[in-house]
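What follows is the content of work-v2.cif (mmCIF, C-alpha atoms).
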```cif
data_input
#
loop_
_atom_site.label_atom_id
_atom_site.label_comp_id
_atom_site.auth_asym_id
_atom_site.auth_seq_id
_atom_site.Cartn_x
_atom_site.Cartn_y
_atom_site.Cartn_z
CA MET A 135 -2.72 -3.70 9.15
CA SER A 136 -4.50 -6.43 11.15
CA ILE A 137 -3.78 -10.12 10.67
CA ILE A 138 -7.21 -10.71 9.12
CA ALA A 139 -6.70 -7.81 6.71
CA ARG A 140 -3.28 -9.12 5.69
CA LEU A 141 -4.64 -12.63 5.20
CA SER A 142 -7.48 -11.18 3.14
CA SER A 143 -5.01 -9.37 0.89
CA TRP A 144 -3.01 -12.57 0.41
CA ARG A 145 -6.19 -14.49 -0.34
CA TRP A 146 -7.21 -11.87 -2.88
CA ALA A 147 -3.78 -11.99 -4.55
CA ASP A 148 -3.95 -15.78 -4.65
CA ARG A 149 -7.36 -15.70 -6.30
CA ALA A 150 -6.22 -13.05 -8.76
CA HIS A 151 -3.26 -15.21 -9.86
CA PRO A 152 -4.23 -18.84 -9.17
CA ARG A 153 -1.76 -20.34 -11.64
CA VAL A 154 1.23 -18.99 -9.73
CA ARG A 155 0.55 -21.14 -6.69
CA ARG A 156 -0.84 -24.10 -8.61
CA TRP A 157 2.26 -24.51 -10.78
CA GLY A 158 4.78 -22.97 -8.39
CA VAL A 159 4.52 -25.63 -5.68
CA PRO A 160 5.03 -28.65 -8.02
CA LEU A 161 7.89 -26.80 -9.69
CA LEU A 162 9.49 -26.18 -6.30
CA CYS A 163 9.28 -29.88 -5.45
CA ALA A 164 10.83 -30.75 -8.79
CA VAL A 165 13.67 -28.29 -8.21
CA LEU A 166 14.31 -29.78 -4.75
CA GLY A 167 14.64 -33.22 -6.32
CA LEU A 168 16.97 -32.05 -9.08
CA PRO A 169 20.19 -32.20 -6.99
CA TYR A 170 19.48 -35.85 -6.13
CA VAL A 171 18.93 -36.64 -9.81
CA LEU A 172 22.20 -34.96 -10.77
CA THR A 173 24.08 -36.70 -7.95
CA ALA A 174 22.81 -40.06 -9.18
CA ALA A 175 23.73 -39.27 -12.79
CA GLY A 176 26.74 -41.55 -12.68
CA ASP A 177 24.95 -44.37 -10.88
CA SER A 178 22.19 -46.75 -11.74
CA GLY A 179 19.86 -44.93 -9.33
CA ILE A 180 19.22 -41.96 -11.63
CA ALA A 181 16.09 -43.56 -13.03
CA GLU A 182 14.69 -44.12 -9.56
CA GLU A 183 15.43 -40.57 -8.43
CA LEU A 184 13.97 -39.06 -11.59
CA ALA A 185 10.85 -41.24 -11.42
CA LEU A 186 10.34 -40.39 -7.75
CA THR A 187 10.70 -36.65 -8.40
CA VAL A 188 8.16 -36.76 -11.19
CA ALA A 189 5.80 -39.06 -9.25
CA VAL A 190 5.61 -36.72 -6.25
CA ALA A 191 5.63 -33.38 -8.13
CA VAL A 192 3.08 -33.89 -10.91
CA PRO A 193 0.11 -35.02 -8.73
CA LEU A 194 0.38 -31.77 -6.75
CA LEU A 195 -1.30 -30.00 -9.68
CA TRP A 196 -4.58 -31.56 -8.50
CA ARG A 197 -3.94 -31.23 -4.74
CA GLU A 198 -6.96 -28.94 -4.18
CA ARG A 199 -9.49 -30.81 -6.33
CA ARG A 200 -8.57 -34.32 -5.16
CA PRO A 201 -6.61 -33.83 -1.93
CA MET A 202 -7.01 -37.36 -0.56
CA LEU A 203 -6.19 -39.06 -3.88
CA VAL A 204 -3.10 -36.90 -4.37
CA PHE A 205 -1.96 -37.64 -0.82
CA ALA A 206 -2.40 -41.39 -1.38
CA LEU A 207 -0.45 -41.31 -4.67
CA ILE A 208 2.44 -39.32 -3.23
CA THR A 209 2.58 -41.47 -0.09
CA ALA A 210 2.58 -44.63 -2.16
CA SER A 211 5.37 -43.33 -4.39
CA ALA A 212 7.45 -42.32 -1.37
CA VAL A 213 6.91 -45.68 0.38
CA LEU A 214 7.87 -47.68 -2.72
CA THR A 215 11.19 -45.85 -2.97
CA THR A 216 11.97 -45.56 0.75
CA TYR A 217 13.75 -48.90 0.94
CA ALA A 218 15.03 -48.90 -2.61
CA GLU A 219 18.68 -49.70 -2.93
CA SER A 220 20.40 -46.37 -3.42
CA PRO A 221 23.61 -44.91 -2.02
CA HIS A 222 22.01 -41.52 -1.70
CA ASP A 223 19.89 -39.90 0.99
CA ALA A 224 16.12 -39.74 0.77
CA ASN A 225 14.85 -37.40 -1.92
CA ALA A 226 13.84 -34.10 -0.27
CA SER A 227 11.17 -33.46 -2.90
CA ALA A 228 9.22 -36.50 -1.63
CA ASP A 229 9.20 -35.20 1.94
CA VAL A 230 8.10 -31.71 0.87
CA ALA A 231 5.44 -33.12 -1.46
CA ARG A 232 3.99 -35.28 1.34
CA LEU A 233 3.79 -32.30 3.67
CA VAL A 234 2.11 -30.19 0.97
CA ALA A 235 -0.36 -32.96 0.22
CA LEU A 236 -1.12 -33.40 3.93
CA PHE A 237 -1.61 -29.64 4.30
CA ASN A 238 -4.18 -29.65 1.49
CA VAL A 239 -5.95 -32.62 3.02
CA GLY A 240 -6.39 -30.46 6.12
CA ARG A 241 -7.70 -27.60 3.96
CA PHE A 242 -10.16 -29.41 1.72
CA ALA A 243 -10.86 -32.96 2.96
CA THR A 244 -13.46 -34.15 5.45
CA PRO A 245 -12.56 -34.62 9.15
CA GLY A 246 -12.51 -38.37 8.71
CA GLN A 247 -10.13 -38.16 5.76
CA ILE A 248 -7.87 -35.83 7.74
CA LEU A 249 -7.60 -38.39 10.54
CA ILE A 250 -6.86 -41.19 8.05
CA ALA A 251 -4.14 -39.15 6.32
CA LEU A 252 -2.61 -38.14 9.63
CA ALA A 253 -2.59 -41.76 10.83
CA MET A 254 -0.94 -42.90 7.58
CA SER A 255 1.73 -40.22 7.89
CA LEU A 256 2.51 -41.05 11.51
CA ALA A 257 2.60 -44.78 10.79
CA GLN A 258 4.95 -44.27 7.86
CA LEU A 259 7.20 -42.07 10.01
CA VAL A 260 7.39 -44.71 12.75
CA ALA A 261 8.04 -47.49 10.25
CA ARG A 262 10.72 -45.48 8.49
CA THR A 263 12.52 -44.66 11.74
CA ALA A 264 12.29 -48.23 13.06
CA GLY A 265 13.50 -49.71 9.80
CA LEU A 266 16.57 -47.50 9.53
CA PRO A 267 19.66 -49.67 10.10
CA ALA A 268 21.98 -48.57 12.87
CA ASP A 269 25.02 -48.33 10.61
CA GLY A 270 23.06 -46.32 8.04
CA ARG A 271 21.90 -43.63 10.38
CA PRO A 272 23.32 -40.15 9.87
CA GLU A 273 25.44 -38.64 12.64
CA TYR A 274 22.66 -36.37 13.88
CA ALA A 275 20.32 -39.36 14.37
CA ALA A 276 22.11 -40.81 17.39
CA ARG A 277 18.76 -40.81 19.20
CA PRO A 278 16.18 -41.69 16.53
CA GLU A 279 13.29 -41.61 19.00
CA LEU A 280 13.74 -37.85 19.40
CA GLY A 281 13.81 -37.38 15.66
CA MET A 282 10.68 -39.50 15.32
CA LEU A 283 8.93 -37.45 18.02
CA LEU A 284 9.88 -34.21 16.31
CA GLY A 285 8.64 -35.58 12.99
CA MET A 286 5.32 -36.61 14.51
CA VAL A 287 4.86 -33.13 15.96
CA THR A 288 5.70 -31.59 12.59
CA VAL A 289 3.29 -33.82 10.68
CA THR A 290 0.48 -33.13 13.13
CA ALA A 291 1.18 -29.40 12.99
CA ILE A 292 1.02 -29.43 9.18
CA ALA A 293 -2.38 -31.12 9.22
CA GLY A 294 -3.57 -28.69 11.90
CA LEU A 295 -2.27 -25.75 9.90
CA GLY A 296 -4.28 -26.88 6.91
CA LEU A 297 -7.40 -27.15 9.04
CA ALA A 298 -6.70 -23.72 10.58
CA THR A 299 -6.31 -22.25 7.11
CA ARG A 300 -9.74 -23.57 6.21
CA LEU A 301 -11.24 -21.96 9.31
CA VAL A 302 -9.49 -18.65 8.55
CA ASN A 303 -10.86 -18.71 5.01
CA VAL A 304 -14.35 -19.25 6.38
CA VAL A 305 -13.94 -16.28 8.72
CA ILE A 306 -12.56 -14.08 5.94
CA ALA A 307 -15.42 -15.06 3.64
CA ALA A 308 -17.95 -14.23 6.37
CA LEU A 309 -16.30 -10.86 7.04
CA GLN A 310 -16.21 -10.07 3.32
CA LYS A 311 -19.87 -10.97 3.00
CA GLU A 312 -20.71 -8.70 5.93
CA LYS A 313 -18.63 -5.91 4.40
CA ASP A 314 -20.43 -6.30 1.08
CA GLN A 315 -23.79 -6.22 2.82
CA GLN A 316 -22.81 -3.05 4.68
CA ALA A 317 -21.67 -1.48 1.42
CA ARG A 318 -24.98 -2.35 -0.27
CA LEU A 319 -26.86 -0.99 2.74
CA ALA A 320 -24.86 2.26 2.57
CA VAL A 321 -25.65 2.57 -1.14
CA ALA A 322 -29.33 1.95 -0.50
CA GLN A 323 -29.46 4.52 2.29
CA GLU A 324 -27.65 7.11 0.21
CA ARG A 325 -29.94 6.49 -2.76
CA ALA A 326 -32.94 6.93 -0.51
CA ARG A 327 -31.52 10.23 0.69
CA VAL A 328 -30.80 11.36 -2.88
CA SER A 329 -34.27 10.36 -4.00
CA LYS A 330 -35.85 12.39 -1.21
CA GLU A 331 -33.84 15.48 -2.12
CA MET A 332 -34.62 15.06 -5.81
CA HIS A 333 -38.26 14.56 -4.86
CA ASP A 334 -38.16 17.95 -3.14
CA ILE A 335 -36.68 19.62 -6.21
CA LEU A 336 -39.16 18.01 -8.57
CA GLY A 337 -42.02 18.92 -6.24
CA HIS A 338 -40.90 22.55 -6.28
CA THR A 339 -40.62 22.53 -10.08
CA LEU A 340 -44.08 21.04 -10.48
CA ALA A 341 -45.55 23.58 -8.06
CA VAL A 342 -44.07 26.37 -10.19
CA MET A 343 -45.46 24.75 -13.33
CA VAL A 344 -48.94 24.58 -11.81
CA GLY A 345 -48.81 28.26 -10.87
CA LEU A 346 -47.62 29.23 -14.33
CA ALA A 347 -50.33 27.11 -15.91
CA ASP A 348 -53.00 28.88 -13.84
CA GLY A 349 -51.60 32.23 -14.93
CA ALA A 350 -51.37 31.20 -18.57
CA ALA A 351 -55.03 30.15 -18.54
CA GLY A 352 -56.05 33.73 -17.70
CA LEU A 353 -53.66 35.31 -20.22
CA THR A 354 -54.59 33.27 -23.30
CA GLU A 355 -57.59 35.54 -24.01
CA SER A 356 -56.48 38.95 -22.74
CA LYS A 357 -52.75 38.75 -23.58
CA PRO A 358 -52.13 35.88 -26.00
CA GLN A 359 -48.44 36.71 -26.48
CA ARG A 360 -47.66 36.60 -22.75
CA GLY A 361 -49.75 33.46 -22.47
CA ALA A 362 -47.66 31.80 -25.20
CA GLU A 363 -44.44 32.82 -23.45
CA THR A 364 -45.72 31.38 -20.19
CA LEU A 365 -46.60 28.11 -21.90
CA ARG A 366 -43.08 27.91 -23.33
CA ILE A 367 -41.68 28.41 -19.81
CA ILE A 368 -43.92 25.62 -18.57
CA ALA A 369 -42.70 23.35 -21.37
CA ASP A 370 -39.05 24.09 -20.56
CA SER A 371 -39.65 23.47 -16.86
CA GLY A 372 -41.42 20.20 -17.62
CA ARG A 373 -38.60 18.98 -19.84
CA GLY A 374 -36.07 19.84 -17.15
CA ALA A 375 -38.10 18.07 -14.47
CA LEU A 376 -38.49 15.01 -16.71
CA ALA A 377 -34.74 14.89 -17.32
CA GLU A 378 -34.06 15.13 -13.58
CA LEU A 379 -36.56 12.34 -12.92
CA ARG A 380 -34.96 10.07 -15.51
CA ARG A 381 -31.50 10.69 -14.11
CA LEU A 382 -32.76 9.84 -10.66
CA LEU A 383 -34.47 6.63 -11.77
CA ALA A 384 -31.39 5.62 -13.76
CA VAL A 385 -29.39 5.61 -10.53
CA ILE A 386 -31.75 4.44 -7.81
CA GLY A 387 -33.90 2.12 -9.88
CA GLY A 388 -37.05 3.59 -8.43
CA ASP A 389 -37.96 4.27 -4.83
CA ASP A 390 -41.65 4.21 -3.95
CA ARG A 391 -41.24 4.86 -0.25
CA PRO A 392 -43.15 7.88 0.95
CA HIS A 393 -41.19 10.92 2.06
CA GLU A 394 -42.19 13.71 4.32
CA ALA A 395 -42.72 17.14 2.86
CA PRO A 396 -39.56 19.26 2.88
CA LEU A 397 -39.25 21.79 5.65
CA ALA A 398 -36.80 23.94 3.65
CA PRO A 399 -35.67 24.22 0.02
CA GLN A 400 -32.75 22.02 -0.99
CA PRO A 401 -29.39 23.83 -0.98
CA GLY A 402 -27.61 24.94 -4.14
CA LEU A 403 -24.30 26.52 -5.06
CA ALA A 404 -25.51 29.87 -3.75
CA ASP A 405 -25.42 28.28 -0.28
CA LEU A 406 -21.73 27.36 -0.46
CA ASP A 407 -20.74 30.60 1.27
CA LEU A 408 -22.91 29.76 4.28
CA LEU A 409 -21.49 26.22 4.36
CA ILE A 410 -17.94 27.60 4.25
CA GLU A 411 -18.65 29.97 7.12
CA ARG A 412 -19.79 27.05 9.28
CA VAL A 413 -16.61 25.14 8.44
CA ARG A 414 -14.43 28.15 9.25
CA ALA A 415 -16.13 28.39 12.63
CA ALA A 416 -14.77 24.90 13.37
CA GLY A 417 -11.16 26.04 12.87
CA PRO A 418 -9.95 25.35 9.30
CA SER A 419 -9.36 28.18 6.86
CA VAL A 420 -11.32 27.80 3.63
CA THR A 421 -10.94 29.48 0.25
CA LEU A 422 -13.49 29.27 -2.57
CA ASP A 423 -12.66 29.83 -6.22
CA THR A 424 -15.27 29.56 -8.96
CA ASP A 425 -14.97 29.78 -12.72
CA GLY A 426 -18.03 30.01 -14.94
CA ASP A 427 -21.68 30.84 -14.41
CA LEU A 428 -22.90 28.59 -11.62
CA THR A 429 -26.44 29.97 -11.71
CA THR A 430 -27.14 28.31 -15.07
CA LEU A 431 -26.81 24.82 -13.62
CA ALA A 432 -29.93 22.76 -13.00
CA PRO A 433 -31.11 22.64 -9.35
CA GLY A 434 -30.39 18.93 -9.11
CA LEU A 435 -26.86 19.39 -10.41
CA GLN A 436 -26.25 22.24 -7.99
CA LEU A 437 -27.45 20.01 -5.16
CA ALA A 438 -25.07 17.22 -6.24
CA VAL A 439 -22.09 19.60 -6.31
CA TYR A 440 -23.09 21.07 -2.95
CA ARG A 441 -23.32 17.62 -1.32
CA ILE A 442 -19.95 16.55 -2.73
CA VAL A 443 -18.29 19.66 -1.29
CA GLN A 444 -20.14 19.17 1.99
CA GLU A 445 -19.00 15.56 2.29
CA ALA A 446 -15.40 16.59 1.53
CA PHE A 447 -15.63 19.17 4.34
CA THR A 448 -17.01 16.53 6.69
CA ASN A 449 -14.10 14.23 5.90
CA THR A 450 -11.59 17.01 6.62
CA LEU A 451 -13.23 18.03 9.89
CA LYS A 452 -13.33 14.40 11.01
CA TYR A 453 -9.72 13.45 10.34
CA ALA A 454 -7.59 16.55 9.78
CA ALA A 455 -6.10 18.85 12.39
CA ALA A 456 -8.00 22.01 13.28
CA ASP A 457 -5.42 24.32 11.68
CA THR A 458 -5.65 22.72 8.25
CA SER A 459 -6.34 24.79 5.13
CA ILE A 460 -9.01 23.83 2.62
CA SER A 461 -9.24 25.04 -0.95
CA VAL A 462 -12.41 24.61 -3.01
CA ARG A 463 -12.59 25.18 -6.73
CA VAL A 464 -15.71 24.78 -8.87
CA THR A 465 -15.30 25.17 -12.62
CA VAL A 466 -18.18 25.17 -15.09
CA ASP A 467 -17.88 24.98 -18.86
CA ALA A 468 -20.35 24.20 -21.61
CA GLU A 469 -20.76 20.49 -20.76
CA THR A 470 -18.88 19.72 -17.55
CA VAL A 471 -18.64 20.76 -13.92
CA TYR A 472 -15.33 20.19 -12.14
CA VAL A 473 -15.15 20.13 -8.34
CA ASN A 474 -11.81 20.05 -6.50
CA VAL A 475 -11.56 20.09 -2.71
CA GLU A 476 -8.12 19.77 -1.11
CA ASP A 477 -6.87 20.13 2.43
CA THR A 478 -3.31 20.36 3.69
CA GLY A 479 -3.68 17.97 6.62
CA PRO A 480 -2.12 16.66 8.75
CA LEU A 481 -4.13 13.98 10.51
CA ARG A 482 -5.73 14.96 13.78
CA ALA A 483 -3.43 12.67 15.80
CA PRO A 484 -0.70 10.12 15.05
CA ARG A 485 -2.94 7.37 16.37
CA SER A 486 -5.35 8.05 13.53
CA ARG A 487 -2.98 6.27 11.18
CA ARG A 488 -3.46 3.07 13.11
CA ARG A 489 -7.18 3.12 12.80
CA SER A 490 -8.85 0.88 10.32
CA ALA A 491 -10.33 2.31 7.16
CA GLY A 492 -13.54 4.27 7.54
CA SER A 493 -16.94 3.01 6.52
CA GLY A 494 -16.61 4.60 3.09
CA ARG A 495 -20.13 6.01 3.19
CA GLY A 496 -18.84 9.46 2.27
CA LEU A 497 -17.35 8.16 -0.96
CA VAL A 498 -20.48 6.11 -1.60
CA GLY A 499 -22.59 9.24 -1.29
CA MET A 500 -20.37 11.26 -3.62
CA ARG A 501 -20.28 8.42 -6.10
CA GLU A 502 -24.05 7.98 -6.18
CA ARG A 503 -24.64 11.70 -6.66
CA ALA A 504 -22.05 11.90 -9.42
CA ALA A 505 -23.61 8.86 -11.11
CA ILE A 506 -26.82 10.82 -11.72
CA TYR A 507 -24.81 13.10 -14.00
CA GLN A 508 -22.51 10.51 -15.59
CA GLY A 509 -19.82 11.68 -13.18
CA GLN A 510 -16.63 10.35 -11.69
CA VAL A 511 -15.16 10.86 -8.24
CA THR A 512 -11.60 10.23 -7.10
CA ALA A 513 -10.25 10.67 -3.59
CA GLY A 514 -6.90 10.10 -1.96
CA PRO A 515 -3.85 11.62 -0.25
CA ASN A 516 -2.16 14.60 -1.87
CA ARG A 517 1.38 15.96 -1.90
CA GLU A 518 0.61 18.41 0.90
CA GLY A 519 0.07 15.57 3.33
CA GLY A 520 -3.69 16.07 3.32
CA TRP A 521 -6.62 14.71 1.33
CA SER A 522 -8.05 15.58 -2.07
CA VAL A 523 -11.44 15.01 -3.65
CA HIS A 524 -11.90 15.52 -7.38
CA ALA A 525 -15.27 15.20 -9.10
CA ARG A 526 -16.41 15.64 -12.68
CA LEU A 527 -20.11 15.83 -13.61
CA LEU A 528 -21.76 16.37 -16.98
CA THR A 529 -24.29 19.15 -17.23
CA THR A 530 -26.28 17.27 -19.92
CA PRO A 531 -25.65 13.52 -19.59
CA PRO A 532 -26.57 11.96 -22.96
CA SER A 533 -27.77 8.54 -21.80
CA ALA A 534 -29.66 9.79 -18.76
CA ALA A 535 -31.52 12.37 -20.80
CA LEU A 536 -32.67 9.80 -23.36
CA GLY A 537 -33.89 6.93 -21.24
CA PHE A 538 -33.84 4.99 -18.01
CA THR A 539 -30.73 2.89 -18.57
CA ARG A 540 -27.95 3.41 -16.12
CA PRO A 541 -24.48 3.97 -17.66
CA ASP A 542 -22.29 0.91 -18.07
CA GLY A 543 -20.51 0.28 -14.81
CA PRO A 544 -20.30 2.52 -11.77
CA PRO A 545 -18.29 5.70 -11.91
CA SER A 546 -14.71 5.22 -10.97
CA THR A 547 -13.93 5.89 -7.34
CA THR A 548 -10.33 5.64 -6.27
CA ARG A 549 -9.77 4.66 -2.68
CA THR A 550 -6.50 4.21 -0.88
CA ASP A 551 -5.60 2.27 2.21
CA SER A 552 -5.92 5.27 4.50
CA PRO A 553 -7.86 5.95 7.68
CA ARG A 554 -9.45 8.91 5.90
CA ALA A 555 -11.22 6.66 3.43
#
```
Could I get this file's structure written as structure tokens?
Amino acid sequence: MSIIARLSSWRWADRAHPRVRRWGVPLLCAVLGLPYVLTAAGDSGIAEELALTVAVAVPLLWRERRPMLVFALITASAVLTTYAESPHDANASADVARLVALFNVGRFATPGQILIALAMSLAQLVARTAGLPADGRPEYAARPELGMLLGMVTVTAIAGLGLATRLVNVVIAALQKEKDQQARLAVAQERARVSKEMHDILGHTLAVMVGLADGAAGLTESKPQRGAETLRIIADSGRGALAELRRLLAVIGGDDRPHEAPLAPQPGLADLDLLIERVRAAGPSVTLDTDGDLTTLAPGLQLAVYRIVQEAFTNTLKYAAADTSISVRVTVDAETVYVNVEDTGPLRAPRSRRRSAGSGRGLVGMRERAAIYQGQVTAGPNREGGWSVHARLLTTPPSAALGFTRPDGPPSTTRTDSPRA
């Protein structure tokens, strides 16, 4: 996983659980100050240690909303207690709180405020080091100028880290925005493709209806019974075409762009054998298992199932080794069509695992086609080490058949962090 991707995942987790970080940091500072409070329990300095711990921990709750004010309050509290008479060392919670406050100034404050906060921190560090009496210095502070220099570098680095975090967040936000735009573009392109194919099907249906209507006009006088039967066929075809149109509009929201006339009829489930033969020619072995009468399905539904299987084949040919095995099963019952496509893998090459996730357009296409029929699509690795695609589509979607409202929420599409996504 790249550094940007890892940072994005951390940022997402932080936004999903904001209270953990907001309360966790002040609590950590309070815990760091607890040993000093307990050490001073037998002395008169317990009140000072306790007040300092509270004074530097509580303001951190507002460190992101008011970074400069929180920094000023914590700095003031630390300065007031720096030279307080106490036999104990400086409270570690104050030092940590100041660094956290300075870090958030770098993240959220203006450049001028960052410079002011950095100058205050450096000045306080110099004053603290210069004011430390020689006999009160710890053993490791034999050369205080080195300690002061190290502290100045640390303080500057903390402020710079906060500023760098802000820049990283800006980059991540820009990348996420671009990713969202690409996803919307992929959806729009797939919907345009679906609308064109559905346009072809509806055009064919209407052409048949026109021919039947012409024939029925000549039969109404000579053969009224056959004319009535023809009219009933026309009515059934019209209702089916209207249902297909409403399903299409429920998904794409209308597409008035002109399309060229189809050069060939849209494929259906009868064309799966030809599709499988082309896949076998590329190397993989393919088996097809069907259950139920596939010929009773509407042309649009057959096209959706065909495209889902085709996209699953494309995914396998793109990422799996040439000797993989693919199994396809299409099951039809009274109200539902189930499509399962599984391959045994493995990936084409070990390097494939290092590649970033795919564009996801294949899953977008399957999802949009399944949405026309109130369907769901899931995809992910299987136990065989390969990839599986499972789809479920309704033969008579209730909401799509009654109106133009799209079902609540998009159909569920499960994606995993895999190069075959």
Atom CA of Val159 of chain A and atom CA of Val230 of chain A, how far apart in Å?
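If I compute the distance from atom CA of Val230 of chain A to atom CA of Val159 of chain A, I get 9.6 Å.
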Give me, as a PyMOL selection string, all polymer residues having an atom no more than 12 Å from Arg414 of chain A, counting all atoms listed in the file and skipping those fewer than 4 positions away in the same chain.
chain A and resi 407-410+418-422+447+450-451+456-461
Output file for the residues above (C-alpha atoms, as a PDB file, in the frame of the given file):
```
ATOM      1  CA  ASP A 407     -20.740  30.600   1.270  1.00  0.00           C
ATOM      2  CA  LEU A 408     -22.910  29.760   4.280  1.00  0.00           C
ATOM      3  CA  LEU A 409     -21.490  26.220   4.360  1.00  0.00           C
ATOM      4  CA  ILE A 410     -17.940  27.600   4.250  1.00  0.00           C
ATOM      5  CA  PRO A 418      -9.950  25.350   9.300  1.00  0.00           C
ATOM      6  CA  SER A 419      -9.360  28.180   6.860  1.00  0.00           C
ATOM      7  CA  VAL A 420     -11.320  27.800   3.630  1.00  0.00           C
ATOM      8  CA  THR A 421     -10.940  29.480   0.250  1.00  0.00           C
ATOM      9  CA  LEU A 422     -13.490  29.270  -2.570  1.00  0.00           C
ATOM     10  CA  PHE A 447     -15.630  19.170   4.340  1.00  0.00           C
ATOM     11  CA  THR A 450     -11.590  17.010   6.620  1.00  0.00           C
ATOM     12  CA  LEU A 451     -13.230  18.030   9.890  1.00  0.00           C
ATOM     13  CA  ALA A 456      -8.000  22.010  13.280  1.00  0.00           C
ATOM     14  CA  ASP A 457      -5.420  24.320  11.680  1.00  0.00           C
ATOM     15  CA  THR A 458      -5.650  22.720   8.250  1.00  0.00           C
ATOM     16  CA  SER A 459      -6.340  24.790   5.130  1.00  0.00           C
ATOM     17  CA  ILE A 460      -9.010  23.830   2.620  1.00  0.00           C
ATOM     18  CA  SER A 461      -9.240  25.040  -0.950  1.00  0.00           C
TER      19      SER A 461
END
```
Pro480 of chain A proximity check over A:Ile368, A:Ala455, A:Ala320, A:Leu280, using only C-alpha atoms: winner is A:Ala455
Care to translate the PyMOL selection byres ((chain A and resi 289) around 9) into actual residues of this file, as a list of chain:residue names?
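That selection, the PyMOL selection byres ((chain A and resi 289) around 9), comes back as A:Leu233, A:Leu236, A:Leu252, A:Ser255, A:Leu256, A:Leu284, A:Gly285, A:Met286, A:Val287, A:Thr288, A:Thr290, A:Ala291, A:Ile292, A:Ala293, A:Gly294.
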Hey, which of A:Glu324, A:Leu168, A:Leu527, A:Thr512 ends up closest to Leu431 of chain A? Count all atoms listed in the file.
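Among the listed residues, the smallest separation from Leu431 of chain A belongs to A:Leu527.
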Neighbouring residues of Met282 of chain A were defined as those with any atom within 8 Å, considering all atoms listed in the file; residues of the same chain fewer than 5 positions away were excluded. Please report them as a PyMOL selection string.
chain A and resi 259-260+263
d(atom CA of Arg503 of chain A, atom CA of Leu403 of chain A) in Å
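Atom CA of Leu403 of chain A lies at a distance of 14.9 Å from atom CA of Arg503 of chain A.
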Which of A:Val439, A:Phe242, A:Ala251, A:Tyr170 sits closest to Ala206 of chain A [using all atoms listed in the file]
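Of all the options, A:Ala251 lies closest to Ala206 of chain A.
Note on the selection: in this file the PyMOL selection byres ((chain A and resi 517) around 12) comes out as A:Glu476, A:Asp477, A:Thr478, A:Gly479, A:Pro480, A:Gly514, A:Pro515, A:Asn516, A:Glu518, A:Gly519, A:Gly520, A:Trp521, A:Ser522.
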Distance in Å - atom CA of Arg463 of chain A versus atom CA of Val443 of chain A:
9.6 Å
Expected selection from the PyMOL selection byres ((chain A and resi 199-204) around 10), given as a PyMOL selection string
chain A and resi 190+192-198+205-210+231-232+234-244+247-248+250-251
Using all atoms listed in the file, which residues sit within 9 Å of Pro433 of chain A once same-chain residues fewer than 6 positions away are excluded, as JSON, numbers by chain?
{"A": [335, 400, 401, 402, 403]}
Got time to write the residues from that selection, C-alpha atoms, as a tab-separated table (two decimals), in the frame of the given file?
```tsv
chain	number	residue	atom	x	y	z
A	335	ILE	CA	-36.68	19.62	-6.21
A	400	GLN	CA	-32.75	22.02	-0.99
A	401	PRO	CA	-29.39	23.83	-0.98
A	402	GLY	CA	-27.61	24.94	-4.14
A	403	LEU	CA	-24.30	26.52	-5.06
```
